[in-house]
file upload.csv (CSV, C-alpha atoms)
chain,number,residue,atom,x,y,z
A,1,MET,CA,-72.5,-4.0,28.0
A,2,GLU,CA,-74.1,-0.6,28.1
A,3,TRP,CA,-77.0,-2.1,30.1
A,4,LEU,CA,-74.5,-3.2,32.9
A,5,ILE,CA,-73.2,0.4,33.1
A,6,ILE,CA,-76.7,1.8,33.3
A,7,LEU,CA,-77.8,-0.8,35.9
A,8,GLY,CA,-74.7,0.0,37.9
A,9,ALA,CA,-75.3,3.7,37.8
A,10,VAL,CA,-78.9,3.3,38.9
A,11,LEU,CA,-77.8,1.0,41.8
A,12,SER,CA,-75.2,3.6,42.8
A,13,LEU,CA,-77.7,6.4,42.8
A,14,VAL,CA,-80.2,4.4,44.9
A,15,GLY,CA,-77.3,3.7,47.3
A,16,LEU,CA,-76.4,7.3,47.5
A,17,ALA,CA,-80.0,8.3,48.2
A,18,GLY,CA,-80.0,5.7,51.0
A,19,LEU,CA,-76.8,7.2,52.5
A,20,ILE,CA,-78.4,10.7,52.4
A,21,ALA,CA,-81.5,9.4,54.0
A,22,SER,CA,-79.4,7.8,56.8
A,23,ALA,CA,-77.6,11.0,57.4
A,24,VAL,CA,-80.9,12.9,57.6
A,25,LYS,CA,-82.3,10.4,60.1
A,26,VAL,CA,-79.2,10.8,62.4
A,27,MET,CA,-79.3,14.6,62.2
A,28,LYS,CA,-83.0,14.6,63.1
A,29,ALA,CA,-82.4,12.3,66.0
A,30,LYS,CA,-79.5,14.5,67.3
A,31,ARG,CA,-81.6,17.6,67.0
A,32,ALA,CA,-84.6,16.0,68.8
A,33,GLY,CA,-82.7,16.2,72.1
A,34,LEU,CA,-83.4,12.6,73.1
A,35,GLU,CA,-82.1,10.6,76.0
A,36,ASP,CA,-78.9,8.7,75.5
A,37,ALA,CA,-80.5,5.3,75.1
A,38,GLU,CA,-83.2,6.5,72.7
A,39,LEU,CA,-80.6,8.4,70.6
A,40,ARG,CA,-78.4,5.2,70.5
A,41,ALA,CA,-81.4,3.2,69.3
A,42,ARG,CA,-82.3,5.6,66.5
A,43,VAL,CA,-78.7,5.8,65.4
A,44,GLN,CA,-78.4,2.0,65.3
A,45,LYS,CA,-81.5,1.8,63.1
A,46,ALA,CA,-80.0,4.4,60.8
A,47,MET,CA,-76.7,2.5,60.8
A,48,ALA,CA,-78.4,-0.5,59.3
A,49,LEU,CA,-79.8,1.7,56.5
A,50,ASN,CA,-76.4,3.2,56.1
A,51,MET,CA,-74.6,-0.2,55.7
A,52,GLY,CA,-77.2,-1.5,53.3
A,53,ALA,CA,-77.0,1.6,51.1
A,54,LEU,CA,-73.2,1.6,51.2
A,55,GLY,CA,-73.3,-2.1,50.0
A,56,LEU,CA,-75.7,-1.3,47.3
A,57,SER,CA,-73.6,1.6,46.1
A,58,VAL,CA,-70.5,-0.5,46.0
A,59,ILE,CA,-72.2,-3.2,44.0
A,60,GLY,CA,-73.4,-0.6,41.6
A,61,LEU,CA,-69.9,0.9,41.2
A,62,MET,CA,-68.6,-2.6,40.6
A,63,CYS,CA,-71.2,-3.1,37.8
A,64,VAL,CA,-70.1,0.1,36.2
A,65,ILE,CA,-66.4,-0.9,36.3
A,66,LEU,CA,-67.2,-4.3,34.9
A,67,GLY,CA,-69.4,-2.8,32.2
A,68,VAL,CA,-66.7,-0.4,31.2
A,69,SER,CA,-64.0,-3.1,31.2
A,70,LEU,CA,-66.0,-5.5,29.1
A,71,SER,CA,-67.1,-2.8,26.5

call {"tool": "encode", "arguments": {"input": "upload.csv", "output": "structure tokens"}}
result
Amino acid sequence: MEWLIILGAVLSLVGLAGLIASAVKVMKAKRAGLEDAELRARVQKAMALNMGALGLSVIGLMCVILGVSLS
């Protein structure tokens, strides 16, 4: 079950990278000094990335826990 642990770790790291990318996008949007509507639109786009990355990270952590439990 080592492959499940490795797969889960990779998924979690990809999810973490997505979360960091989402945070960077929001920070750039806030620093750009945009109008309220444009800022909201950019934050909503980053929110979709954020939720997807969070879901991927959770699935990865579940794979790690399952791999450890079955080992």

call {"tool": "atom_distance", "arguments": {"input": "upload.csv", "atom1": "CA of Asn50 in chain A", "atom2": "CA of Ser69 in chain A"}}
result
28.5 Å

call {"tool": "residues_around", "arguments": {"input": "upload.csv", "residues": "Ala46 in chain A", "least_positions_apart": "2", "cutoff": "8 Å", "atoms": "all atoms listed in the file", "output": "list in words"}}
result
Ser22, Ala23, Lys25, Val26, Arg42, Val43, Gln44, Ala48, Leu49 and Asn50 of chain A

call {"tool": "atom_distance", "arguments": {"input": "upload.csv", "atom1": "CA of Val14 in chain A", "atom2": "CA of Ala29 in chain A"}}
result
22.6 Å

call {"tool": "residues_around", "arguments": {"input": "upload.csv", "residues": "Ala17 in chain A", "least_positions_apart": "3", "cutoff": "12 Å", "atoms": "all atoms listed in the file", "output": "list in words"}}
result
Val10, Leu11, Ser12, Leu13, Val14, Ile20, Ala21, Ser22, Ala23, Val24, Leu49, Asn50, Gly52, Ala53, Leu54, Leu56 and Ser57 of chain A

call {"tool": "atom_distance", "arguments": {"input": "upload.csv", "atom1": "CA of Gly60 in chain A", "atom2": "CA of Ala9 in chain A"}}
result
6.0 Å

call {"tool": "residues_around", "arguments": {"input": "upload.csv", "residues": "Ile6 in chain A", "least_positions_apart": "5", "cutoff": "9 Å", "atoms": "all atoms listed in the file", "output": "PyMOL selection string"}}
result
chain A and resi 1+11+63-64+67

call {"tool": "closest_residue", "arguments": {"input": "upload.csv", "among": "A:Leu19, A:Ser71, A:Trp3, A:Met27", "to": "Val58 in chain A", "atoms": "all atoms listed in the file"}}
result
A:Leu19
